[in-house]
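One structure below.
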Amino acid sequence: MAEPIVLAIPAFFLMIGAEYAAWRRHPPEVRDYRLHDTVANLGCGAGQQVIGAFLLGAMVWGYEAVRSRVGLFELPADSVAVWLGTLLGVDFLYYWFHRSSHRVNFLWAAHVVHHQSEHYNLGVALRQSWLQQVFSFFYYLPLALLGVPVAVFLATVGIDTLYQFWIHTKLVKRTGFFERWFNTPAHHRVHHGVDAPYLDRNHAGMLIVWDKLFGTFEPEAAEPRYGTVKPLRSVNPVWANVEPWVELWRRAAGMSRLGDRLRVFFAPPEWRAADEPAPAGPLRTDIDYALYTPPATPGRSVYVAAHFVLVLGAVLALLTAGAGLPLTLRAAIAVWILLSFGVIGGLAEDRRWARFAEPARLLAFGLLAAAALSPLH
């Protein structure tokens, strides 16, 4: 399901660069880009694509198994009506997956990664969970049951996902008549807000009409505060994906009743067991809350940015030219990429363990590069 996204990566970076340049014309105190936050956003997105490249085959196989064995119809892949109907179906099913992801804790543990940034810009659009695609896949299986060809399914999921990139900006205010029917930056800013009127609202992908039909629409009034009610307080992409699950398991382990330990995985995020304390602060909704900014020096920031760009280069190489490598080598490179995001995130936060891990990361890079360039494979 990732192929259209991979092809769009150059456009993503061009648009992010253009938005950053536009913000540079604003006073420094209101600019909405921060280096380490952007590194975290792009690291989450790149990691999702790396993992997705390995999951894609299994998802295609599973979808086609359902379609070929129990599909109700043989829908033609060259029909405009099939394409338009599938796109509408994808968007409708995405709405319900997205809505569920805000109301069921184990789904929220995957989806929350997208909401962790305390800023709102096009870079946030690329901040994606490494596990969410596993859960969202099952919501789309009704399309296989209807007999939608797998190529049409993959392409329309890509279109629906690509549409949602541009709505992650504060620079586009209102869009007039268009926003009566379609999801827009104004609508999606509400979705990323932690303010009480905005929580669990505007789950749409492309069409905002789903929210209006099913009672989850909220228009933008005041500027939202962005992030999650209980902040992550980290710019490490690995920890961003792991921490929600750790927190969920910690909550379950601390409960005295077995029923509560099971219920917490399926309850909404705000649910608390009778013997469970309230979330510890600071909370994003606190009046005096200060945005998280890791300790930074110019030298460390340059090092983090430079090595992060190099790892992104490895991601692009793996996604575009890695098919010719043995599976074990591709898997080893993927693991190195994901761990590199963790180490670089640790360096950004000046973690002592990261300073010790960095030489090993660089050594592993040399060994993997030699293996990838070797004619022996």
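Numbering starts fresh at 1 for the residues of each chain in the structure tokens, the chains themselves are lettered A, B, ... in the order given, and ligands are numbered from 1 as they appear.
Around Leu207 of chain A, within 8 Å and counting only C-alpha atoms, the residues found are Asp91, Trp181, Phe182 and Asn183 of chain A, once anything fewer than 4 positions away on its own chain is removed.
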Please produce a file of the residues just selected, as a tab-separated table (two decimals), in the first residue's frame, where the atoms kept are C-alpha atoms.
chain	number	residue	atom	x	y	z
A	91	ASP	CA	-12.74	7.09	2.37
A	181	TRP	CA	-17.83	18.88	1.43
A	182	PHE	CA	-14.10	18.18	1.72
A	183	ASN	CA	-11.65	17.87	4.56
Residue contacts of His114 of chain A (8 Å, only C-alpha atoms) excluding same-chain residues fewer than 3 positions away, as a short mmCIF file (atom, residue, chain, number, x, y, z; two decimals) with C-alpha atoms, in the first residue's frame:
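Output (selection37.cif):
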data_model
loop_
_atom_site.label_atom_id
_atom_site.label_comp_id
_atom_site.auth_asym_id
_atom_site.auth_seq_id
_atom_site.Cartn_x
_atom_site.Cartn_y
_atom_site.Cartn_z
CA HIS A 111 -2.53 6.02 15.99
CA SER A 117 3.82 16.64 17.75
CA VAL A 124 3.42 16.41 10.86
CA ALA A 125 1.51 14.84 7.96
CA ARG A 127 4.48 11.51 11.24
CA GLN A 128 2.92 8.06 11.04
CA SER A 129 2.79 5.06 13.32
#
Neighbouring residues of Gln164 of chain A were defined as those with any atom within 10 Å, considering only C-alpha atoms; residues of the same chain fewer than 2 positions away were excluded. Please report them as an MDAnalysis selection string.
chainID A and resid 122 125:126 159:162 166:168 183:185 188 204:206
Atoms kept (C-alpha atoms) for selection, written as a PDB file, in the first residue's frame:
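See out.pdb below for the written result:
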ATOM      1  CA  LEU A 122       3.291  19.585   6.616  1.00  0.00           C
ATOM      2  CA  ALA A 125       1.515  14.839   7.955  1.00  0.00           C
ATOM      3  CA  LEU A 126       4.412  12.400   7.541  1.00  0.00           C
ATOM      4  CA  ILE A 159      -4.971   8.626  -3.338  1.00  0.00           C
ATOM      5  CA  ASP A 160      -6.907   8.945  -0.069  1.00  0.00           C
ATOM      6  CA  THR A 161      -3.651   9.090   1.896  1.00  0.00           C
ATOM      7  CA  LEU A 162      -1.980  11.567  -0.440  1.00  0.00           C
ATOM      8  CA  TRP A 166      -1.932  19.198   2.357  1.00  0.00           C
ATOM      9  CA  ILE A 167      -4.434  19.580   5.198  1.00  0.00           C
ATOM     10  CA  HIS A 168      -1.628  19.637   7.777  1.00  0.00           C
ATOM     11  CA  ASN A 183     -11.648  17.875   4.563  1.00  0.00           C
ATOM     12  CA  THR A 184      -9.476  21.009   4.747  1.00  0.00           C
ATOM     13  CA  PRO A 185      -6.715  22.434   6.939  1.00  0.00           C
ATOM     14  CA  HIS A 188      -8.116  18.949  10.367  1.00  0.00           C
ATOM     15  CA  ALA A 204     -12.519  12.456   7.832  1.00  0.00           C
ATOM     16  CA  GLY A 205      -9.946  11.506   5.235  1.00  0.00           C
ATOM     17  CA  MET A 206     -11.111  13.309   2.097  1.00  0.00           C
TER      18      MET A 206
END
Applying 9 Å and only C-alpha atoms, which residues near Gln48 of chain A remain after dropping the ones on its own chain fewer than 4 positions away? List them as a PDB file with C-alpha atoms, in the first residue's frame.
ATOM      1  CA  GLY A  43      11.700   9.569  11.280  1.00  0.00           C
ATOM      2  CA  CYS A  44       8.275   8.202  12.142  1.00  0.00           C
ATOM      3  CA  GLY A  52       5.404  -1.186   5.187  1.00  0.00           C
ATOM      4  CA  ALA A  53       7.709  -2.411   2.422  1.00  0.00           C
ATOM      5  CA  ARG A 127       4.484  11.513  11.243  1.00  0.00           C
ATOM      6  CA  GLN A 128       2.921   8.058  11.037  1.00  0.00           C
ATOM      7  CA  SER A 129       2.790   5.057  13.324  1.00  0.00           C
ATOM      8  CA  TRP A 130       4.899   2.052  12.434  1.00  0.00           C
ATOM      9  CA  LEU A 131       2.065  -0.344  13.397  1.00  0.00           C
ATOM     10  CA  GLN A 132      -1.132   1.430  12.366  1.00  0.00           C
ATOM     11  CA  GLN A 133      -1.131  -0.077   8.875  1.00  0.00           C
TER      12      GLN A 133
END
Students should find that atom CA of Trp61 of chain A and atom CA of Val152 of chain A are spaced 14.7 Å
Return as a tab-separated table the residues of segment 65-135 of chain A lying at most 6 Å from segment 259-280 of chain A, together with the closest atom-to-atom pair for each and the distance in Å to one decimal, counting only C-alpha atoms, with rows in chain order and ascending residue number.
residue	atom	partner	partner_atom	distance
A:Arg103	CA	A:Pro268	CA	4.4
A:Val104	CA	A:Pro268	CA	4.8
A:Asn105	CA	A:Phe265	CA	5.1
A:Phe106	CA	A:Phe265	CA	5.2
Do a neighbour search on Asn202 of chain A at 12 Å with only C-alpha atoms, toss out local chain neighbours closer than 4 positions, and write the hits as a ChimeraX atom specification.
/A:95-96,98-99,102,182-193,197-198,206-220
Among the residues of segment 71-225 of chain A, find those DSSP assigns to helix (DSSP H, G or I) from the backbone and print them as a CSV table (one decimal) with C-alpha atoms, in the first residue's frame.
chain,number,residue,atom,x,y,z
A,80,VAL,CA,-14.3,4.4,-14.0
A,81,ALA,CA,-17.4,3.6,-11.9
A,82,VAL,CA,-15.4,0.9,-10.0
A,83,TRP,CA,-12.5,3.4,-9.3
A,84,LEU,CA,-14.8,6.1,-8.1
A,85,GLY,CA,-16.9,3.8,-6.0
A,86,THR,CA,-13.8,2.2,-4.5
A,87,LEU,CA,-12.3,5.6,-3.6
A,88,LEU,CA,-15.6,6.5,-1.9
A,89,GLY,CA,-15.6,3.2,-0.1
A,90,VAL,CA,-12.0,3.6,1.0
A,91,ASP,CA,-12.7,7.1,2.4
A,92,PHE,CA,-15.8,5.8,4.2
A,93,LEU,CA,-14.0,2.9,5.8
A,94,TYR,CA,-11.0,5.1,6.7
A,95,TYR,CA,-13.4,7.4,8.6
A,96,TRP,CA,-14.6,4.5,10.7
A,97,PHE,CA,-11.1,3.2,11.3
A,98,HIS,CA,-9.9,6.6,12.2
A,99,ARG,CA,-12.8,7.2,14.5
A,100,SER,CA,-12.2,3.8,16.2
A,101,SER,CA,-8.6,4.6,16.6
A,105,ASN,CA,-7.0,2.0,23.5
A,106,PHE,CA,-5.0,-0.6,21.5
A,107,LEU,CA,-5.9,1.2,18.3
A,108,TRP,CA,-5.1,4.6,19.9
A,109,ALA,CA,-1.7,3.2,21.0
A,110,ALA,CA,-0.8,2.9,17.3
A,111,HIS,CA,-2.5,6.0,16.0
A,112,VAL,CA,-1.4,8.4,18.8
A,113,VAL,CA,2.0,8.7,17.1
A,114,HIS,CA,0.5,10.9,14.5
A,115,HIS,CA,-0.8,13.3,17.2
A,122,LEU,CA,3.3,19.6,6.6
A,123,GLY,CA,6.0,17.6,8.4
A,124,VAL,CA,3.4,16.4,10.9
A,125,ALA,CA,1.5,14.8,8.0
A,132,GLN,CA,-1.1,1.4,12.4
A,133,GLN,CA,-1.1,-0.1,8.9
A,134,VAL,CA,-1.5,-3.5,10.4
A,135,PHE,CA,-4.8,-2.6,12.1
A,136,SER,CA,-6.2,-0.4,9.3
A,137,PHE,CA,-5.8,-3.2,6.8
A,138,PHE,CA,-8.7,-5.2,8.4
A,139,TYR,CA,-11.1,-2.3,8.0
A,141,LEU,CA,-11.5,-6.0,3.8
A,142,PRO,CA,-15.2,-5.3,2.9
A,143,LEU,CA,-13.8,-4.0,-0.4
A,144,ALA,CA,-12.2,-7.4,-1.0
A,145,LEU,CA,-15.5,-9.0,-0.2
A,146,LEU,CA,-17.2,-6.8,-2.8
A,150,VAL,CA,-6.3,-5.4,-5.5
A,151,ALA,CA,-4.6,-2.9,-7.9
A,152,VAL,CA,-7.6,-0.6,-7.6
A,153,PHE,CA,-7.7,-1.0,-3.8
A,154,LEU,CA,-4.0,-0.1,-3.5
A,155,ALA,CA,-4.2,2.9,-5.8
A,156,THR,CA,-7.3,4.4,-4.1
A,157,VAL,CA,-5.8,4.0,-0.6
A,158,GLY,CA,-2.8,5.8,-1.9
A,159,ILE,CA,-5.0,8.6,-3.3
A,160,ASP,CA,-6.9,8.9,-0.1
A,161,THR,CA,-3.7,9.1,1.9
A,162,LEU,CA,-2.0,11.6,-0.4
A,163,TYR,CA,-4.9,13.9,-0.2
A,176,GLY,CA,-15.0,28.7,1.3
A,177,PHE,CA,-17.5,26.4,-0.4
A,178,PHE,CA,-14.9,23.6,-0.8
A,179,GLU,CA,-14.8,23.0,2.9
A,180,ARG,CA,-18.6,22.2,3.0
A,185,PRO,CA,-6.7,22.4,6.9
A,186,ALA,CA,-9.3,24.2,9.1
A,187,HIS,CA,-11.2,21.0,9.7
A,188,HIS,CA,-8.1,18.9,10.4
A,189,ARG,CA,-6.6,21.5,12.7
A,190,VAL,CA,-9.6,20.8,14.9
A,191,HIS,CA,-8.8,17.1,14.8
A,196,ALA,CA,-12.2,20.0,25.0
A,197,PRO,CA,-14.5,21.0,22.2
A,198,TYR,CA,-12.1,19.5,19.6
A,209,VAL,CA,-19.5,14.8,5.0
A,210,TRP,CA,-18.9,11.6,7.0
A,211,ASP,CA,-18.3,13.7,10.2
A,212,LYS,CA,-21.4,15.7,9.5
A,213,LEU,CA,-23.5,12.6,8.8
A,214,PHE,CA,-22.3,10.7,11.9
Among A:Leu325, A:Ala46, A:Ala253, A:Leu319, Ser340 of chain A is approached most closely, using only C-alpha atoms, by A:Ala46
